[in-house]
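Novice: File start.pdb below, PDB, C-alpha atoms:
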ATOM      1  CA  MET A 185       0.000   0.000   0.000
ATOM      2  CA  SER A 186       1.394   3.357  -0.940
ATOM      3  CA  TYR A 187       0.851   7.034  -1.730
ATOM      4  CA  GLN A 188       2.030   8.536  -5.014
ATOM      5  CA  VAL A 189       3.648  11.976  -4.803
ATOM      6  CA  ASN A 190       5.573  13.650  -7.616
ATOM      7  CA  GLY A 191       6.379  10.286  -9.135
ATOM      8  CA  HIS A 192       7.572   8.853  -5.826
ATOM      9  CA  THR A 193       5.992   5.875  -4.158
ATOM     10  CA  ILE A 194       5.664   6.162  -0.385
ATOM     11  CA  GLU A 195       4.720   3.077   1.567
ATOM     12  CA  HIS A 196       2.093   3.155   4.282
ATOM     13  CA  ASP A 197       0.550   0.632   6.665
ATOM     14  CA  GLU A 198      -2.999  -0.743   6.513
ATOM     15  CA  GLU A 199      -4.325   2.350   8.296
ATOM     16  CA  GLY A 200      -2.520   4.874   6.122
ATOM     17  CA  TYR A 201       0.360   5.817   8.434
ATOM     18  CA  ILE A 202       3.596   6.095   6.472
ATOM     19  CA  THR A 203       6.171   3.491   7.393
ATOM     20  CA  THR A 204       9.335   5.577   6.999
ATOM     21  CA  LEU A 205       9.051   8.872   8.847
ATOM     22  CA  SER A 206      11.718  10.571   6.746
ATOM     23  CA  ASP A 207       9.572  10.055   3.621
ATOM     24  CA  TRP A 208       7.336  12.918   4.719
ATOM     25  CA  SER A 209       6.920  16.099   2.691
ATOM     26  CA  LYS A 210       4.315  18.853   2.519
ATOM     27  CA  GLU A 211       3.093  17.443  -0.794
ATOM     28  CA  LEU A 212       2.672  14.054   0.827
ATOM     29  CA  ALA A 213       0.719  15.674   3.673
ATOM     30  CA  ASP A 214      -1.715  17.131   1.124
ATOM     31  CA  GLU A 215      -2.049  13.702  -0.470
ATOM     32  CA  ILE A 216      -2.760  11.954   2.856
ATOM     33  CA  ALA A 217      -5.239  14.715   3.753
ATOM     34  CA  LYS A 218      -7.123  14.014   0.524
ATOM     35  CA  THR A 219      -7.598  10.378   1.470
ATOM     36  CA  GLU A 220      -8.927  11.606   4.820
ATOM     37  CA  ASN A 221     -11.312  14.006   3.031
ATOM     38  CA  ILE A 222      -9.621  16.971   4.645
ATOM     39  CA  ASP A 223      -9.008  20.193   2.782
ATOM     40  CA  MET A 224      -5.813  21.542   4.345
ATOM     41  CA  THR A 225      -6.142  25.145   5.582
ATOM     42  CA  SER A 226      -3.642  27.216   7.533
ATOM     43  CA  GLU A 227      -5.458  26.097  10.696
ATOM     44  CA  HIS A 228      -4.852  22.449   9.803
ATOM     45  CA  TRP A 229      -1.217  23.172   9.038
ATOM     46  CA  GLU A 230      -0.797  24.881  12.389
ATOM     47  CA  VAL A 231      -1.772  21.655  14.162
ATOM     48  CA  VAL A 232       0.240  19.420  11.832
ATOM     49  CA  ASN A 233       3.349  21.560  12.284
ATOM     50  CA  PHE A 234       2.804  21.618  16.027
ATOM     51  CA  LEU A 235       2.671  17.809  16.079
ATOM     52  CA  ARG A 236       5.860  17.508  14.058
ATOM     53  CA  GLU A 237       7.643  19.831  16.468
ATOM     54  CA  TYR A 238       6.300  17.868  19.422
ATOM     55  CA  TYR A 239       7.567  14.646  17.889
ATOM     56  CA  ASP A 240      10.910  16.191  17.133
ATOM     57  CA  GLU A 241      11.309  17.229  20.747
ATOM     58  CA  TYR A 242       9.875  14.199  22.562
ATOM     59  CA  GLN A 243      10.004  11.360  19.993
ATOM     60  CA  ILE A 244       6.367  10.642  20.609
ATOM     61  CA  ALA A 245       2.991  11.381  19.028
ATOM     62  CA  PRO A 246       0.944  12.718  21.952
ATOM     63  CA  ALA A 247      -2.417  11.354  23.048
ATOM     64  CA  VAL A 248      -5.346  13.573  22.049
ATOM     65  CA  ARG A 249      -5.858  14.864  25.598
ATOM     66  CA  VAL A 250      -2.192  15.826  25.832
ATOM     67  CA  LEU A 251      -2.221  17.379  22.365
ATOM     68  CA  ILE A 252      -5.199  19.596  23.145
ATOM     69  CA  LYS A 253      -3.667  20.715  26.420
ATOM     70  CA  ALA A 254      -0.365  21.526  24.698
ATOM     71  CA  ILE A 255      -2.148  23.458  21.926
ATOM     72  CA  LYS A 256      -4.079  25.380  24.567
ATOM     73  CA  LYS A 257      -0.837  26.344  26.237
ATOM     74  CA  SER A 258       0.867  27.399  23.037
ATOM     75  CA  MET A 259      -2.024  28.893  21.011
ATOM     76  CA  GLY A 260      -4.611  29.733  23.656
ATOM     77  CA  PRO A 261      -8.001  28.338  24.692
ATOM     78  CA  ASP A 262      -9.720  29.370  21.423
ATOM     79  CA  LYS A 263      -7.774  26.624  19.679
ATOM     80  CA  GLY A 264      -6.872  24.336  22.533
ATOM     81  CA  ASN A 265     -10.302  22.807  22.962
ATOM     82  CA  ASN A 266     -12.123  19.711  21.784
ATOM     83  CA  LYS A 267     -14.660  21.486  19.600
ATOM     84  CA  TYR A 268     -12.104  23.401  17.539
ATOM     85  CA  MET A 269      -9.843  20.385  17.119
ATOM     86  CA  TYR A 270     -12.625  18.003  16.122
ATOM     87  CA  GLU A 271     -13.969  20.518  13.624
ATOM     88  CA  LEU A 272     -10.572  20.480  11.934
ATOM     89  CA  PHE A 273     -10.099  16.722  12.238
ATOM     90  CA  PRO A 274     -13.516  15.088  12.632
ATOM     91  CA  TYR A 275     -12.191  11.530  12.974
ATOM     92  CA  GLY A 276      -9.906  12.436  15.851
ATOM     93  CA  PRO A 277      -7.295  15.193  15.976
ATOM     94  CA  ALA A 278      -4.518  12.926  17.229
ATOM     95  CA  LYS A 279      -5.254  10.136  14.763
ATOM     96  CA  GLN A 280      -5.876  12.149  11.606
ATOM     97  CA  ALA A 281      -3.439  14.968  12.227
ATOM     98  CA  CYS A 282      -0.665  12.508  13.135
ATOM     99  CA  LYS A 283      -1.286  10.582   9.941
ATOM    100  CA  ILE A 284      -1.067  13.768   7.875
ATOM    101  CA  ALA A 285       2.014  14.856   9.828
ATOM    102  CA  GLY A 286       3.710  11.585   8.915
ATOM    103  CA  LEU A 287       4.022  10.445  12.521
ATOM    104  CA  PRO A 288       3.288   7.022  13.970
ATOM    105  CA  LYS A 289      -0.123   6.388  15.431
ATOM    106  CA  PRO A 290      -0.323   8.013  18.877
ATOM    107  CA  THR A 291       0.669   5.702  21.716
ATOM    108  CA  GLY A 292      -2.449   4.353  23.352
ATOM    109  CA  CYS A 293      -4.665   5.060  20.368
ATOM    110  CA  VAL A 294      -6.583   1.967  19.245
TER     111      VAL A 294
ATOM    112  CA  MET B 366     -12.626  10.189  43.717
ATOM    113  CA  SER B 367     -11.983   7.294  46.020
ATOM    114  CA  ASP B 368     -11.140   4.741  43.342
ATOM    115  CA  ILE B 369      -7.782   6.289  42.442
ATOM    116  CA  LYS B 370      -5.030   3.770  43.050
ATOM    117  CA  LYS B 371      -1.347   4.310  43.500
ATOM    118  CA  PHE B 372       0.619   2.702  40.663
ATOM    119  CA  LEU B 373       4.389   2.333  40.739
ATOM    120  CA  TYR B 374       6.308   1.265  37.651
ATOM    121  CA  VAL B 375       9.659  -0.181  38.696
ATOM    122  CA  ASN B 376      12.454   0.031  36.125
ATOM    123  CA  ARG B 377      15.556  -2.080  36.772
ATOM    124  CA  LYS B 378      17.018  -2.628  33.312
ATOM    125  CA  PRO B 379      19.224  -0.476  31.075
ATOM    126  CA  PRO B 380      17.450   1.420  28.282
ATOM    127  CA  TYR B 381      18.724  -0.680  25.379
ATOM    128  CA  GLY B 382      19.522  -4.349  24.842
ATOM    129  CA  THR B 383      16.095  -5.492  25.906
ATOM    130  CA  ILE B 384      12.643  -4.096  25.211
ATOM    131  CA  TYR B 385      11.741  -3.695  28.906
ATOM    132  CA  ALA B 386      12.546  -0.010  29.308
ATOM    133  CA  LEU B 387      10.668   1.127  26.204
ATOM    134  CA  GLU B 388       7.708  -1.147  26.966
ATOM    135  CA  SER B 389       7.511   0.202  30.498
ATOM    136  CA  LEU B 390       7.444   3.777  29.231
ATOM    137  CA  GLU B 391       4.733   2.954  26.693
ATOM    138  CA  VAL B 392       2.593   1.291  29.346
ATOM    139  CA  VAL B 393       3.017   4.368  31.536
ATOM    140  CA  LEU B 394       1.901   6.653  28.694
ATOM    141  CA  ILE B 395      -1.101   4.488  27.881
ATOM    142  CA  GLY B 396      -1.988   4.005  31.543
ATOM    143  CA  ALA B 397      -1.825   7.764  32.145
ATOM    144  CA  ALA B 398      -5.197   8.081  30.431
ATOM    145  CA  PHE B 399      -6.847   6.317  33.391
ATOM    146  CA  GLU B 400      -6.086   9.179  35.769
ATOM    147  CA  GLN B 401      -4.489   7.130  38.503
ATOM    148  CA  ASP B 402      -1.718   8.215  40.868
ATOM    149  CA  VAL B 403       1.335   7.130  38.864
ATOM    150  CA  SER B 404       4.976   7.094  39.968
ATOM    151  CA  LEU B 405       8.082   5.623  38.372
ATOM    152  CA  ALA B 406      11.027   4.095  40.192
ATOM    153  CA  PHE B 407      14.496   3.672  38.730
ATOM    154  CA  LEU B 408      16.960   1.356  40.391
ATOM    155  CA  ASP B 409      19.779  -1.037  39.559
ATOM    156  CA  ASP B 410      20.729  -0.559  35.872
ATOM    157  CA  GLY B 411      17.372   1.176  35.392
ATOM    158  CA  VAL B 412      19.044   4.432  36.442
ATOM    159  CA  PHE B 413      20.809   4.443  33.048
ATOM    160  CA  GLN B 414      17.439   5.074  31.391
ATOM    161  CA  LEU B 415      17.523   8.662  32.624
ATOM    162  CA  THR B 416      21.117   9.555  31.792
ATOM    163  CA  ARG B 417      21.617  12.648  29.665
ATOM    164  CA  GLY B 418      23.207  12.754  26.217
ATOM    165  CA  GLN B 419      22.137   9.328  24.979
ATOM    166  CA  ASN B 420      23.048   8.548  21.387
ATOM    167  CA  THR B 421      21.810   5.358  19.754
ATOM    168  CA  ASP B 422      23.115   5.921  16.211
ATOM    169  CA  ALA B 423      25.636   3.099  16.436
ATOM    170  CA  ILE B 424      23.118   0.488  17.587
ATOM    171  CA  GLY B 425      20.420   1.422  15.094
ATOM    172  CA  VAL B 426      17.516   1.788  17.502
ATOM    173  CA  LYS B 427      15.443   4.799  18.409
ATOM    174  CA  ASN B 428      16.722   7.006  21.225
ATOM    175  CA  PHE B 429      13.549   7.287  23.291
ATOM    176  CA  SER B 430      15.125   9.136  26.212
ATOM    177  CA  PRO B 431      13.545  12.480  25.147
ATOM    178  CA  THR B 432      10.139  10.897  25.705
ATOM    179  CA  PHE B 433      10.705  10.926  29.482
ATOM    180  CA  ARG B 434      10.503  14.726  29.238
ATOM    181  CA  ALA B 435       6.948  14.426  27.897
ATOM    182  CA  LEU B 436       5.757  12.641  31.049
ATOM    183  CA  GLY B 437       4.842  15.951  32.677
ATOM    184  CA  ASP B 438       2.313  16.560  29.886
ATOM    185  CA  TYR B 439       0.778  13.220  30.857
ATOM    186  CA  GLU B 440       0.621  14.318  34.493
ATOM    187  CA  VAL B 441       3.253  11.796  35.513
ATOM    188  CA  THR B 442       5.420  13.901  37.779
ATOM    189  CA  LYS B 443       7.118  11.556  40.254
ATOM    190  CA  LEU B 444      10.274   9.815  39.058
ATOM    191  CA  TYR B 445      12.083   8.281  42.030
ATOM    192  CA  VAL B 446      15.738   7.387  41.474
ATOM    193  CA  GLU B 447      17.612   5.307  44.028
ATOM    194  CA  ARG B 448      20.750   7.049  45.254
ATOM    195  CA  GLU B 449      22.653   3.828  46.022
ATOM    196  CA  SER B 450      22.050   2.522  42.483
ATOM    197  CA  LEU B 451      23.501   5.740  41.068
ATOM    198  CA  GLU B 452      26.543   5.599  43.354
ATOM    199  CA  GLU B 453      27.245   1.925  42.640
ATOM    200  CA  ARG B 454      27.501   2.869  38.962
ATOM    201  CA  GLY B 455      29.647   5.930  39.458
ATOM    202  CA  LEU B 456      26.777   8.258  38.582
ATOM    203  CA  THR B 457      25.438  11.363  40.275
ATOM    204  CA  GLU B 458      22.199  13.279  39.881
ATOM    205  CA  GLY B 459      24.084  15.581  37.500
ATOM    206  CA  ASP B 460      24.459  12.712  35.020
ATOM    207  CA  LEU B 461      20.685  12.510  34.655
ATOM    208  CA  GLN B 462      18.709  14.595  32.188
ATOM    209  CA  GLU B 463      16.504  17.359  33.531
ATOM    210  CA  ILE B 464      12.858  16.399  33.605
ATOM    211  CA  THR B 465      10.294  18.914  34.781
ATOM    212  CA  TYR B 466       6.559  19.367  35.034
ATOM    213  CA  GLU B 467       4.359  22.408  35.410
ATOM    214  CA  ASP B 468       2.486  22.459  38.688
ATOM    215  CA  GLU B 469      -1.132  23.287  37.931
ATOM    216  CA  ASP B 470      -1.778  24.077  41.602
ATOM    217  CA  ASP B 471       1.153  26.467  41.857
ATOM    218  CA  ASP B 472       0.615  28.882  38.956
ATOM    219  CA  TRP B 473       2.158  26.424  36.459
ATOM    220  CA  GLU B 474       5.571  26.739  38.024
ATOM    221  CA  GLU B 475       8.162  24.390  36.541
ATOM    222  CA  LYS B 476       9.325  21.818  39.047
ATOM    223  CA  PRO B 477      11.727  18.895  38.808
ATOM    224  CA  SER B 478      10.145  15.457  38.364
ATOM    225  CA  ILE B 479      13.228  13.474  39.347
ATOM    226  CA  ARG B 480      13.588  12.825  43.057
ATOM    227  CA  VAL B 481      16.692  11.001  44.227
ATOM    228  CA  VAL B 482      15.848   8.894  47.264
ATOM    229  CA  SER B 483      17.752   6.459  49.484
ATOM    230  CA  ARG B 484      17.256   2.709  49.313
ATOM    231  CA  ALA B 485      15.366   2.846  52.606
ATOM    232  CA  GLU B 486      13.073   5.588  51.302
ATOM    233  CA  MET B 487      12.493   3.573  48.116
ATOM    234  CA  ALA B 488      11.360   0.610  50.216
ATOM    235  CA  GLY B 489       8.853   2.893  51.907
ATOM    236  CA  ILE B 490       7.607   4.239  48.569
ATOM    237  CA  MET B 491       7.055   0.682  47.329
ATOM    238  CA  ALA B 492       5.252  -0.367  50.497
ATOM    239  CA  ASP B 493       2.914   2.594  50.075
ATOM    240  CA  GLN B 494       1.576   1.509  46.631
ATOM    241  CA  ASP B 495      -1.606  -0.299  45.642
ATOM    242  CA  VAL B 496      -0.061  -1.727  42.474
ATOM    243  CA  VAL B 497       3.608  -2.326  41.656
ATOM    244  CA  LEU B 498       4.574  -3.256  38.097
ATOM    245  CA  SER B 499       8.120  -4.475  37.502
ATOM    246  CA  PHE B 500      10.024  -4.081  34.264
TER     247      PHE B 500
END
Since I need it in another form, could you write the structure as structure tokens?
Specialist:
Amino acid sequence: MSYQVNGHTIEHDEEGYITTLSDWSKELADEIAKTENIDMTSEHWEVVNFLREYYDEYQIAPAVRVLIKAIKKSMGPDKGNNKYMYELFPYGPAKQACKIAGLPKPTGCV
Amino acid sequence: MSDIKKFLYVNRKPPYGTIYALESLEVVLIGAAFEQDVSLAFLDDGVFQLTRGQNTDAIGVKNFSPTFRALGDYEVTKLYVERESLEERGLTEGDLQEITYEDEDDDWEEKPSIRVVSRAEMAGIMADQDVVLSF
């Protein structure tokens, strides 16, 4: 199973998470978002970039509760809340945004 | 809530070479969702899990030591390290990475999560738990 981006083939697992984290690119993110029926806006990118920075620092994709708390701290309560995050990523902010960000599935996410 | 239990995860093995250390940390992160009173203990070679400046390039596995610094976000704020285990390995508290949490009840002040305790104190901490999980 794979995504096609600019003539490159990028492998993913049965749930759509890419298997090699270094394969990620912004173009790939757009491609994954399409399969999730998400139209990437600057608000989506803000969360995706935040997740990539979090992963870079802690080597972990945070659980949704932790993600929302961290977003609240860094971007304020208007964004760091369940409603806002689920409007952006209806099938789960941690799950969908991590997939688009090219991270592994969040630990503890089934 | 009266049904909060005290969980202690005991880590006795070095970070690499076996899967115990990483598995323990993953269980802690997953278990954190259940809002229990969680502490971690590091003794014997387990104290190496917290050393600073780890580099795993040569052994081709992921360096997961930065993940300990995310524990505060998961409200896991008590990491007990046994002083005797450090000393027996020629280590001091200064060889451990800094791990902090923000205290919600104290205006989000940053506080250290690592607490170096004596072997006798560690025995007391263990005796005080409802559940002890060994890795």
Novice: For chain B, which of A:Ala278, A:Ile252, A:Leu272, A:Leu287 is the closest residue, counting all atoms listed in the file?
Specialist: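 Using all atoms listed in the file, chain B sits closest to A:Ile252.
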Novice: Env of range 387-401 of chain B: 8 Å cut, atoms = only C-alpha atoms, seq-sep filter 6 positions within chain, self excluded. Answer as a list in words.
Specialist: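 Skipping anything fewer than 6 positions along the chain leaves Thr291 and Gly292 of chain A; Ile369, Lys370, Lys371, Phe372, Tyr374, Asn376, Pro380, Phe429, Phe433, Leu436, Tyr439, Glu440, Val441 and Phe500 of chain B.
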Novice: Output the contact residues of chain A with respect to chain B at a cut-off of 7 Å, based on only C-alpha atoms, as a JSON list (two decimals) with C-alpha atoms, in the frame of the given file.
Specialist:
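To be explicit, this is the file written out as part-v1.json:
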[["chain", "number", "residue", "atom", "x", "y", "z"],
["A", 241, "GLU", "CA", 11.31, 17.23, 20.75],
["A", 242, "TYR", "CA", 9.88, 14.20, 22.56],
["A", 243, "GLN", "CA", 10.00, 11.36, 19.99],
["A", 244, "ILE", "CA", 6.37, 10.64, 20.61],
["A", 250, "VAL", "CA", -2.19, 15.83, 25.83],
["A", 291, "THR", "CA", 0.67, 5.70, 21.72],
["A", 292, "GLY", "CA", -2.45, 4.35, 23.35]]
Novice: So that I can see what lies close to Asp468 in chain B, please list as number ranges by chain the residues with an atom at most 10 Å from it, counting only C-alpha atoms and leaving out residues fewer than 4 positions away in the same chain.
Specialist: B: 437, 440, 442, 472-477
Novice: Filtering to C-alpha atoms, could you give me those residues as a JSON list (two decimals), keeping the file's coordinate frame?
Specialist:
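Saved file selection_15.json follows:
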[["chain", "number", "residue", "atom", "x", "y", "z"],
["B", 437, "GLY", "CA", 4.84, 15.95, 32.68],
["B", 440, "GLU", "CA", 0.62, 14.32, 34.49],
["B", 442, "THR", "CA", 5.42, 13.90, 37.78],
["B", 472, "ASP", "CA", 0.62, 28.88, 38.96],
["B", 473, "TRP", "CA", 2.16, 26.42, 36.46],
["B", 474, "GLU", "CA", 5.57, 26.74, 38.02],
["B", 475, "GLU", "CA", 8.16, 24.39, 36.54],
["B", 476, "LYS", "CA", 9.32, 21.82, 39.05],
["B", 477, "PRO", "CA", 11.73, 18.90, 38.81]]
Novice: What gap, in Å, lies between CA of Tyr239 in chain A and CA of Asp471 in chain B?
Specialist: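 CA of Tyr239 in chain A sits 27.5 Å away from CA of Asp471 in chain B.
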Novice: Care to translate the PyMOL selection byres ((chain A and resi 215-224) around 9) into actual residues of this file, as a VMD selection string?
Specialist: chain A and resid 187 to 189 200 to 201 210 to 214 225 to 229 272 to 273 275 280 to 281 283 to 286
Novice: At what distance in Å, to one decimal, does CA of Leu456 in chain B lie from CA of Leu405 in chain B?
Specialist: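 Computed distance, CA of Leu405 in chain B to CA of Leu456 in chain B, equals 18.9 Å.
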Novice: Got a sec: who's within 8 Å of Val497 in chain B, counting all atoms listed in the file, leaving out chain neighbours fewer than 2 positions off, as a compact mmCIF listing (two decimals) with C-alpha atoms, in the coordinates of the input?
Specialist:
# COMPACT_ATOMS: atom_id res chain seq x y z
CA PHE B 372 0.62 2.70 40.66
CA LEU B 373 4.39 2.33 40.74
CA TYR B 374 6.31 1.26 37.65
CA VAL B 375 9.66 -0.18 38.70
CA MET B 491 7.06 0.68 47.33
CA GLN B 494 1.58 1.51 46.63
CA ASP B 495 -1.61 -0.30 45.64
CA SER B 499 8.12 -4.47 37.50
Novice: Kindly give the distance, in Å, that separates CA of Glu486 in chain B and CA of Asp460 in chain B, rounded to a single decimal.
Specialist: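 A separation of 21.1 Å between them.
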Novice: Write out as a ChimeraX atom specification which residues come within 8 Å of range 191-198 of chain A when counting only C-alpha atoms, dropping same-chain ones fewer than 6 positions away.
Specialist: /A:185,204,207
Novice: Starting from the point (28.3, 5.4, 35.9), work out which residues of protein, DNA or RNA have an atom no more than 12 Å away when counting only C-alpha atoms; state them as an MDAnalysis selection string.
Specialist: chainID B and resid 379 409:417 449:461
Novice: Could you add whatever atoms are missing so that range 278-290 of chain A carries N, CA and C atoms, then write the result as an mmCIF file, keeping the file's coordinate frame?
Specialist:
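selection_16.cif, written as the output of this step:
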data_model
loop_
_atom_site.group_PDB
_atom_site.id
_atom_site.type_symbol
_atom_site.label_atom_id
_atom_site.label_comp_id
_atom_site.auth_asym_id
_atom_site.auth_seq_id
_atom_site.Cartn_x
_atom_site.Cartn_y
_atom_site.Cartn_z
ATOM 1 N N ALA A 278 -5.806 13.596 17.087
ATOM 2 C CA ALA A 278 -4.518 12.926 17.229
ATOM 3 C C ALA A 278 -4.324 11.967 16.060
ATOM 4 N N LYS A 279 -5.346 11.158 15.802
ATOM 5 C CA LYS A 279 -5.254 10.136 14.763
ATOM 6 C C LYS A 279 -5.043 10.734 13.376
ATOM 7 N N GLN A 280 -5.948 11.622 12.976
ATOM 8 C CA GLN A 280 -5.876 12.149 11.606
ATOM 9 C C GLN A 280 -4.703 13.105 11.427
ATOM 10 N N ALA A 281 -4.509 13.986 12.385
ATOM 11 C CA ALA A 281 -3.439 14.968 12.227
ATOM 12 C C ALA A 281 -2.073 14.278 12.272
ATOM 13 N N CYS A 282 -1.938 13.246 13.094
ATOM 14 C CA CYS A 282 -0.665 12.508 13.135
ATOM 15 C C CYS A 282 -0.405 11.823 11.800
ATOM 16 N N LYS A 283 -1.440 11.269 11.227
ATOM 17 C CA LYS A 283 -1.286 10.582 9.941
ATOM 18 C C LYS A 283 -0.809 11.579 8.887
ATOM 19 N N ILE A 284 -1.443 12.743 8.855
ATOM 20 C CA ILE A 284 -1.067 13.768 7.875
ATOM 21 C C ILE A 284 0.335 14.298 8.161
ATOM 22 N N ALA A 285 0.688 14.355 9.449
ATOM 23 C CA ALA A 285 2.014 14.856 9.828
ATOM 24 C C ALA A 285 3.109 13.815 9.614
ATOM 25 N N GLY A 286 2.711 12.618 9.200
ATOM 26 C CA GLY A 286 3.710 11.585 8.915
ATOM 27 C C GLY A 286 4.278 10.922 10.151
ATOM 28 N N LEU A 287 3.551 11.032 11.269
ATOM 29 C CA LEU A 287 4.022 10.445 12.521
ATOM 30 C C LEU A 287 3.401 9.069 12.716
ATOM 31 N N PRO A 288 3.950 8.287 13.645
ATOM 32 C CA PRO A 288 3.288 7.022 13.970
ATOM 33 C C PRO A 288 1.956 7.301 14.657
ATOM 34 N N LYS A 289 1.144 6.281 14.715
ATOM 35 C CA LYS A 289 -0.123 6.388 15.431
ATOM 36 C C LYS A 289 0.177 6.732 16.891
ATOM 37 N N PRO A 290 -0.615 7.638 17.497
ATOM 38 C CA PRO A 290 -0.323 8.013 18.877
ATOM 39 C C PRO A 290 -0.312 6.794 19.799
#
